[in-house]
Amino acid sequence: MPEKKNDKIKEEIEAIVFSDARGAEIHSLAKHLKVSGKMVRESIEELAADYKKRGSGLSLAWDEKRVQMATSESFSDSVAKFHQKKNEAALSGPALEVLAITAYRGPISTAGIDYIRGVNSRLIVRKLAMQGLIEREENPDDSRSFLYKTGLDFLKSAGLNKLEDLPDYDKLSKEELSGSV
């Protein structure tokens, strides 16, 4: 029965992701479970929908490479207070601005962030990277620089499953800038 197999895959993914606080790589899950990456992604989306449907305190945060267990948006404030973390309150206005730019425009270089903000953002980018809210990757066009994108910790702290859940993501992520970046 294909349904049972899919349910079993979802349960295995849930157990593996739960067991690793840093999250699991999607390609590693596919290899371990001997299924396609597409099947893993579909199972992740179904599992996230199951959590939401039943009103669970848990959710999943994922990007194209990894999936991680997270707190559902409806309980994120309560969890933050319990652990006395002030994820968003601890971030300055400029840091939130850089996070927003990175979320909607990433992967983006520091020069691109600087262009949008009109000021040097390197220290803020560095701090956000150290906090795990943004991640850097090699720039395929210029080996001397890096590109930045939001990390899974950003999704978790924002109570999101994926970047596309951000307000007006489709419109703002594709909006053209005047000038070149």
# chains A, B, ... in the order shown; residues from 1 in each chain; ligands from 1

$ select_by_dssp --residues "stretch 5-110 of chain A" --states "strand (DSSP E or B)" --output "JSON, numbers by chain"
{"A": [24, 25, 58, 59, 60, 61, 62, 66, 67, 68, 69, 70, 71, 108]}

$ closest_atom_pairs --of "stretch 85-181 of chain A" --to "stretch 60-68 of chain A" --cutoff "10 Å" --atoms "only C-alpha atoms" --output "CSV"
residue,atom,partner,partner_atom,distance
A:Thr150,CA,A:Asp63,CA,9.4
A:Gly151,CA,A:Asp63,CA,8.3
A:Leu152,CA,A:Ala61,CA,6.3
A:Asp153,CA,A:Ala61,CA,8.4
A:Phe154,CA,A:Ala61,CA,9.2
A:Leu155,CA,A:Ala61,CA,6.0
A:Lys156,CA,A:Ala61,CA,6.2
A:Ser157,CA,A:Ala61,CA,9.8
A:Ala158,CA,A:Ala61,CA,10.0
A:Gly159,CA,A:Ala61,CA,8.3
A:Leu160,CA,A:Ala61,CA,6.5
A:Asn161,CA,A:Ala61,CA,4.3
A:Lys162,CA,A:Trp62,CA,5.8
A:Leu163,CA,A:Asp63,CA,7.9

$ write_last_selection --atoms "all heavy atoms" --output "short mmCIF file (atom, residue, chain, number, x, y, z; two decimals), in the first residue's frame"
data_model
loop_
_atom_site.label_atom_id
_atom_site.label_comp_id
_atom_site.auth_asym_id
_atom_site.auth_seq_id
_atom_site.Cartn_x
_atom_site.Cartn_y
_atom_site.Cartn_z
N THR A 150 19.14 33.86 4.14
CA THR A 150 18.67 33.58 5.49
C THR A 150 18.89 32.11 5.81
O THR A 150 18.84 31.25 4.94
CB THR A 150 17.17 33.91 5.64
OG1 THR A 150 16.45 33.24 4.62
CG2 THR A 150 16.93 35.40 5.57
N GLY A 151 19.12 31.83 7.08
CA GLY A 151 19.33 30.47 7.55
C GLY A 151 18.05 29.91 8.16
O GLY A 151 17.05 30.61 8.33
N LEU A 152 18.11 28.64 8.51
CA LEU A 152 16.95 28.01 9.14
C LEU A 152 16.62 28.64 10.50
O LEU A 152 15.47 28.68 10.90
CB LEU A 152 17.18 26.51 9.30
CG LEU A 152 17.19 25.70 8.01
CD1 LEU A 152 17.45 24.23 8.30
CD2 LEU A 152 15.89 25.85 7.25
N ASP A 153 17.64 29.16 11.19
CA ASP A 153 17.37 29.81 12.47
C ASP A 153 16.50 31.06 12.27
O ASP A 153 15.69 31.39 13.14
CB ASP A 153 18.67 30.18 13.18
CG ASP A 153 19.39 28.96 13.75
OD1 ASP A 153 18.75 27.89 13.87
OD2 ASP A 153 20.58 29.07 14.07
N PHE A 154 16.66 31.73 11.14
CA PHE A 154 15.78 32.86 10.83
C PHE A 154 14.35 32.37 10.67
O PHE A 154 13.42 32.95 11.24
CB PHE A 154 16.23 33.58 9.55
CG PHE A 154 15.19 34.53 9.01
CD1 PHE A 154 14.95 35.75 9.62
CD2 PHE A 154 14.42 34.18 7.91
CE1 PHE A 154 13.97 36.61 9.14
CE2 PHE A 154 13.45 35.04 7.42
CZ PHE A 154 13.22 36.25 8.04
N LEU A 155 14.16 31.30 9.90
CA LEU A 155 12.81 30.77 9.70
C LEU A 155 12.20 30.36 11.04
O LEU A 155 11.03 30.64 11.31
CB LEU A 155 12.84 29.57 8.74
CG LEU A 155 13.23 29.86 7.29
CD1 LEU A 155 13.32 28.57 6.50
CD2 LEU A 155 12.24 30.82 6.65
N LYS A 156 12.99 29.69 11.87
CA LYS A 156 12.49 29.26 13.17
C LYS A 156 12.08 30.45 14.03
O LYS A 156 11.01 30.47 14.63
CB LYS A 156 13.54 28.43 13.90
CG LYS A 156 13.68 27.03 13.39
CD LYS A 156 14.83 26.28 14.03
CE LYS A 156 14.81 26.28 15.52
NZ LYS A 156 15.88 25.46 16.12
N SER A 157 12.94 31.47 14.11
CA SER A 157 12.65 32.61 14.97
C SER A 157 11.48 33.44 14.44
O SER A 157 10.77 34.07 15.21
CB SER A 157 13.89 33.49 15.15
OG SER A 157 14.24 34.12 13.95
N ALA A 158 11.26 33.40 13.12
CA ALA A 158 10.14 34.14 12.53
C ALA A 158 8.86 33.30 12.52
O ALA A 158 7.81 33.79 12.13
CB ALA A 158 10.49 34.57 11.12
N GLY A 159 8.95 32.03 12.91
CA GLY A 159 7.78 31.16 12.91
C GLY A 159 7.32 30.80 11.51
O GLY A 159 6.13 30.61 11.27
N LEU A 160 8.26 30.69 10.57
CA LEU A 160 7.93 30.39 9.18
C LEU A 160 8.40 28.99 8.81
O LEU A 160 9.37 28.49 9.38
CB LEU A 160 8.61 31.40 8.25
CG LEU A 160 8.27 32.87 8.44
CD1 LEU A 160 9.21 33.73 7.61
CD2 LEU A 160 6.83 33.12 8.04
N ASN A 161 7.73 28.39 7.85
CA ASN A 161 8.18 27.11 7.32
C ASN A 161 9.18 27.30 6.20
O ASN A 161 10.11 26.53 6.05
CB ASN A 161 7.00 26.29 6.79
CG ASN A 161 6.08 25.82 7.89
OD1 ASN A 161 6.52 25.54 8.98
ND2 ASN A 161 4.80 25.75 7.59
N LYS A 162 8.95 28.31 5.37
CA LYS A 162 9.83 28.59 4.24
C LYS A 162 9.73 30.08 3.90
O LYS A 162 8.78 30.75 4.30
CB LYS A 162 9.45 27.73 3.04
CG LYS A 162 8.01 27.78 2.62
CD LYS A 162 7.71 26.71 1.59
CE LYS A 162 6.32 26.81 1.09
NZ LYS A 162 5.29 26.17 1.78
N LEU A 163 10.71 30.59 3.18
CA LEU A 163 10.75 32.03 2.87
C LEU A 163 9.51 32.49 2.13
O LEU A 163 9.06 33.62 2.31
CB LEU A 163 11.98 32.36 2.03
CG LEU A 163 13.28 32.51 2.79
CD1 LEU A 163 14.42 32.79 1.82
CD2 LEU A 163 13.20 33.61 3.82
#

$ closest_residue --among "A:Val17, A:Ala30, A:Leu147, A:Ala103" --to "A:Asp170" --atoms "only C-alpha atoms"
A:Ala103

$ residues_around --residues "A:Gln131" --least-positions-apart "2" --cutoff "12 Å" --atoms "only C-alpha atoms" --output "ChimeraX atom specification"
/A:87-88,90-91,95,99,124-129,133-135,150-154,157

$ residues_around --residues "A:Asn6" --least-positions-apart "4" --cutoff "10 Å" --atoms "only C-alpha atoms" --output "list in words"
Met1, Pro2, Lys10, Glu11, Glu12, Met39, Val40, Glu42, Ser43 and Glu46 of chain A

$ write_last_selection --atoms "N, CA, C and O atoms" --output "PDB file, in the first residue's frame"
ATOM      1  N   MET A   1       0.840  -1.192   0.000  1.00  0.00           N
ATOM      2  CA  MET A   1       0.000   0.000   0.000  1.00  0.00           C
ATOM      3  C   MET A   1       0.877   1.245   0.000  1.00  0.00           C
ATOM      4  O   MET A   1       1.589   1.484   0.970  1.00  0.00           O
ATOM      5  N   PRO A   2       0.817   2.079  -1.045  1.00  0.00           N
ATOM      6  CA  PRO A   2       1.666   3.260  -1.129  1.00  0.00           C
ATOM      7  C   PRO A   2       1.441   4.254   0.002  1.00  0.00           C
ATOM      8  O   PRO A   2       2.349   4.908   0.445  1.00  0.00           O
ATOM      9  N   LYS A  10       7.217   9.636   6.333  1.00  0.00           N
ATOM     10  CA  LYS A  10       6.983  10.855   7.120  1.00  0.00           C
ATOM     11  C   LYS A  10       7.383  10.639   8.579  1.00  0.00           C
ATOM     12  O   LYS A  10       8.020  11.494   9.188  1.00  0.00           O
ATOM     13  N   GLU A  11       7.009   9.493   9.133  1.00  0.00           N
ATOM     14  CA  GLU A  11       7.346   9.199  10.529  1.00  0.00           C
ATOM     15  C   GLU A  11       8.859   9.095  10.724  1.00  0.00           C
ATOM     16  O   GLU A  11       9.395   9.592  11.716  1.00  0.00           O
ATOM     17  N   GLU A  12       9.547   8.461   9.777  1.00  0.00           N
ATOM     18  CA  GLU A  12      11.008   8.353   9.876  1.00  0.00           C
ATOM     19  C   GLU A  12      11.667   9.722   9.769  1.00  0.00           C
ATOM     20  O   GLU A  12      12.595  10.027  10.514  1.00  0.00           O
ATOM     21  N   MET A  39      10.410  13.019  -3.064  1.00  0.00           N
ATOM     22  CA  MET A  39       9.567  12.318  -2.091  1.00  0.00           C
ATOM     23  C   MET A  39       9.813  12.869  -0.684  1.00  0.00           C
ATOM     24  O   MET A  39       8.875  13.063   0.086  1.00  0.00           O
ATOM     25  N   VAL A  40      11.071  13.159  -0.357  1.00  0.00           N
ATOM     26  CA  VAL A  40      11.392  13.718   0.953  1.00  0.00           C
ATOM     27  C   VAL A  40      10.747  15.093   1.098  1.00  0.00           C
ATOM     28  O   VAL A  40      10.118  15.391   2.107  1.00  0.00           O
ATOM     29  N   GLU A  42       8.136  16.330  -0.487  1.00  0.00           N
ATOM     30  CA  GLU A  42       6.680  16.168  -0.386  1.00  0.00           C
ATOM     31  C   GLU A  42       6.283  15.694   1.008  1.00  0.00           C
ATOM     32  O   GLU A  42       5.302  16.178   1.579  1.00  0.00           O
ATOM     33  N   SER A  43       7.046  14.778   1.562  1.00  0.00           N
ATOM     34  CA  SER A  43       6.761  14.272   2.909  1.00  0.00           C
ATOM     35  C   SER A  43       6.925  15.374   3.951  1.00  0.00           C
ATOM     36  O   SER A  43       6.146  15.459   4.900  1.00  0.00           O
ATOM     37  N   GLU A  46       3.892  17.586   3.726  1.00  0.00           N
ATOM     38  CA  GLU A  46       2.742  16.904   4.315  1.00  0.00           C
ATOM     39  C   GLU A  46       2.839  16.893   5.835  1.00  0.00           C
ATOM     40  O   GLU A  46       1.843  17.123   6.528  1.00  0.00           O
TER      41      GLU A  46
END

$ closest_residue --among "A:Ala100, A:Ser74, A:Gly23, A:Ile16" --to "A:Pro167" --atoms "only C-alpha atoms"
A:Ala100

$ atom_distance --atom1 "atom CA of A:Leu166" --atom2 "atom CA of A:Asp50"
20.3 Å
